Every structure is written in C-alpha cells, then in structure tokens.
Amino acid sequence: MAQQSIPRFSLEGVSDAEISHHPFTTEDGLSLSLTRFRRAQCADPVLLVHGLTSASDIFIMPEHRNLTSYLLDHGFSDVWALDSRMSNRFPYNTEPGRHSLDDLARFDYPAALAELRRHTGLRAVHVIAHCLGSVAFSMSLAGGAIAGIRSFVANSAALTPRLTTWPRWKLQYGPELLEHAIGLSVLDPRARTGRPFTAGWALSRLISLAHQECDNAACHMISFMWGSGWPALYSHEKLDPVTHDRIADLLGPSGLGYLRHVRKMVQAGHAVKYDPRDPRHASLPDDYLTDAVQIDTPILFLAGDQNHVFGDSNVICHRELSRNAPDRHELAVLPGYGHLDPIIGKDADREVFPRVLDFLRRRAVAA
C-alpha cells in the first residue's frame, strides 16, 4: 500500500469556499454535526447524506473532483454535508445497543434540517443521499418526519432494499455467527492491523484468502462486510489509486445492529420499522412503503448496473413509487457503476454528477 497521502477527515478537497462547522443535538441526546461549504447566497441549499460507516468525507475527497466542489462550481453555492450517527467520525457505530434506521429517520434528519434552516432561513432543501443514508432518509420522508424537501437524489437503495444471494445469506446468518461463534460484535476494515491471533485479525486473514484481486486487506474486509464481489462496493477501475489506498479512512468500523434492521426489511421486501413496540418511534409508520404514496418530493433514483450490494433495488423502488405518481420520479441507470463508485469514482464528475445536476436544476427554486 502507498504511504498515507491525505490526512483523515481532510477538508482540502474543497477550495474557494467559506467552511464552517455546525454541531447540533438530536432529540434522543446524540451530538452530530453539519459542515457548510458556502461561496455565495443561494436559494437552493443542498444537503449531502452519507451511508453506514462512511462520513461527510466521501463528498469532499481531494484526490478527484468531488461532489461538493462540483455543485459549488455549477451554481449550487451553499452545500451542507451531514455527519449522522452512522458516521465514522463518531463512536456511535461501535457502541453496544440496538441501532436502527428508525433512529435516523426520527431523530437525525429532522434535527439536521432544523439546524440548516436556522442558518439559511430557507425551508426548501435539496438532498443527495447514499446507501443506508438514502434508505433512512426515504423512511423519514415517507413517515412524515421531515418536509420541505424540494428534490431528493437516492443512490443505490431507498424504500425497497434488496440483496443478491450471497449478501442475503450473510445477512440472514452472519450477525449471530459473528457474535456467538466468533465473539465479534464489531467489523472493522482495519482488523488486519490489530493484535495478531485475535478474532478480528484472524477473520481478516481468512477473508483475504478469497480476495486475490488486490493487496489491500481493508478492501477485502469491506467486500465481506457489505456485498458480493471482487471487490463488492465498487470496481477498482472506477477508483483513483489514492482512494483505494485510503479506503479504510472512508469506510470505518460498524456494529451489527443496523444489519438486523436491514435483514428485517429484506425479508419484508421493503422498508419496515425495526421494533413497532418502541415508543421512541411511535410517530413513524410500521410499514414505510404503504405511506410512501404521500411523498410529493421528486426523487431521482441512481442505480449502478454493476451494484453487488443492493442489486436492482432502486429500479424496483422507482417502479413502485411511480405506480401512484407516474411522472414525478426519475431513474438513472449508470453503466459500469456499482454501489459506492457513483459517489467516490474518479470519473463520477463526468459520468454521474451531470445527471444529478440536471435533475437539481430542473427543480431549483429559480427554475
């Protein structure tokens, strides 16, 4: 692996912008944060939402033209990047307890939008979300926990998360096997760098035996954690080599709680509440897809045709939501792209971001 060339949590990827940090507290007592990148007053602020174990960093990468800089350069001059409770900038992913996507839908996104609106004075917000951040934001939207979303771009999955065969098998049996048979409650891409002969170290070495496509043990572990493929979340050809070398900075450790919620959704065929008896989520629906008919926000579903994590989940979700609103939502199938490379790919600024920009411009306040 190459020597570390980009500091972790670097802001070097966004130039010529006023950068400010905005911590806020959720109703259930977690401290989260927003980072604002502002060049000029704008009637169309954009909120960027990461997925599980990633962070705002996937939107501000210095090694290639990132999504934040792309938006700033094309007239969306007030961009906000969220670090939710799923962010690897916080310790919450690895703490014991029952974590669910209902927590984000009920607490994180309403609080983040309130903080953003407190500073901008604007209600209408565009949102671009990835992975389980996209699933949870869709749940928040369908459950009526948030409003005033002018447009929403959902990458990889939304209200109908589906898995291919091997990831589905891992999700069905993996959490219990890892916890009770191996003694692991947290999966960490950096496990190979830990103490030799521990459970995490041994699992990492075993996984690498099945992954000869590169010499990056973190890349191997990430494929085991989240999908099926060599590698699973992206293709090596789509990444800058610097991105591949620092993939463990971009995708951190995670406990198994969220996986259990995803498992329940996959079994149901769509987004459902993890525990209908939990009083903290009483205001949310038990079945999010049933309530999705009330979504009046236009959604662009991004679907890589080589997605080895959520497969054709967004193709299905676009079809389901279009039954009741045939002209409201759009689908963009991305040739050669997978799960994460539509966001972190070295050529995404030429092959993916223009499609997102076109969608945002057609739904901007000034349009």
# chains A, B, ... in the order shown; residues from 1 in each chain; ligands from 1
call {"tool": "residues_around", "arguments": {"residues": "range 139-156 of chain A", "least_positions_apart": "6", "cutoff": "6 Å", "atoms": "only C-alpha atoms", "output": "MDAnalysis selection string"}}
result
chainID A and resid 105 110 123:131 284:285 288 291:292 295 297:303 339
call {"tool": "residues_around", "arguments": {"residues": "Ser56 in chain A", "least_positions_apart": "5", "cutoff": "8 Å", "atoms": "only C-alpha atoms", "output": "PyMOL selection string"}}
result
chain A and resi 48-50+81-83+87
call {"tool": "write_last_selection", "arguments": {"atoms": "C-alpha atoms", "output": "PDB file, in the first residue's frame"}}
result
ATOM      1  CA  LEU A  48     -25.425  15.604   1.423  1.00  0.00           C
ATOM      2  CA  VAL A  49     -26.181  12.451   3.413  1.00  0.00           C
ATOM      3  CA  HIS A  50     -23.677   9.565   3.769  1.00  0.00           C
ATOM      4  CA  ALA A  81     -22.551  17.756   4.454  1.00  0.00           C
ATOM      5  CA  LEU A  82     -24.078  15.814   7.344  1.00  0.00           C
ATOM      6  CA  ASP A  83     -22.299  13.520   9.771  1.00  0.00           C
ATOM      7  CA  SER A  87     -20.675   8.467  10.533  1.00  0.00           C
TER       8      SER A  87
END
call {"tool": "closest_atom_pairs", "arguments": {"of": "range 198-289 of chain A", "to": "range 328-337 of chain A", "cutoff": "12 Å", "atoms": "only C-alpha atoms", "output": "tab-separated table"}}
result
residue	atom	partner	partner_atom	distance
A:Ala232	CA	A:Tyr337	CA	11.2
A:Leu233	CA	A:Tyr337	CA	9.5
A:Tyr234	CA	A:Tyr337	CA	7.1
A:Ser235	CA	A:Tyr337	CA	7.5
A:His236	CA	A:Tyr337	CA	10.7
A:Glu237	CA	A:Gly336	CA	9.7
A:Lys238	CA	A:Tyr337	CA	7.8
A:Leu239	CA	A:Tyr337	CA	10.8
call {"tool": "closest_atom_pairs", "arguments": {"of": "range 37-99 of chain A", "to": "range 353-363 of chain A", "cutoff": "9 Å", "atoms": "only C-alpha atoms", "output": "JSON lines"}}
result
{"residue": "A:Leu67", "atom": "CA", "partner": "A:Phe353", "partner_atom": "CA", "distance": 7.1}
{"residue": "A:Tyr70", "atom": "CA", "partner": "A:Phe353", "partner_atom": "CA", "distance": 7.6}
{"residue": "A:Leu71", "atom": "CA", "partner": "A:Leu357", "partner_atom": "CA", "distance": 7.4}
{"residue": "A:His74", "atom": "CA", "partner": "A:Leu357", "partner_atom": "CA", "distance": 7.9}
{"residue": "A:Phe76", "atom": "CA", "partner": "A:Arg361", "partner_atom": "CA", "distance": 9.0}
call {"tool": "write_last_selection", "arguments": {"atoms": "N, CA and C atoms", "output": "CSV table (one decimal), in the first residue's frame"}}
result
chain,number,residue,atom,x,y,z
A,67,LEU,N,-18.1,15.7,-5.2
A,67,LEU,CA,-19.5,16.2,-5.4
A,67,LEU,C,-19.7,17.6,-4.9
A,70,TYR,N,-18.2,20.1,-7.2
A,70,TYR,CA,-18.9,20.1,-8.5
A,70,TYR,C,-20.2,20.9,-8.3
A,71,LEU,N,-20.9,20.7,-7.2
A,71,LEU,CA,-22.1,21.5,-7.0
A,71,LEU,C,-21.8,23.0,-6.9
A,74,HIS,N,-21.2,24.7,-10.1
A,74,HIS,CA,-22.3,24.8,-11.0
A,74,HIS,C,-23.5,25.5,-10.5
A,76,PHE,N,-24.8,25.8,-7.3
A,76,PHE,CA,-25.4,25.4,-6.0
A,76,PHE,C,-24.4,25.8,-5.0
call {"tool": "residues_around", "arguments": {"residues": "Asp102 in chain A", "least_positions_apart": "6", "cutoff": "9 Å", "atoms": "only C-alpha atoms", "output": "PyMOL selection string"}}
result
chain A and resi 136+139-140+261+272-275+281+284
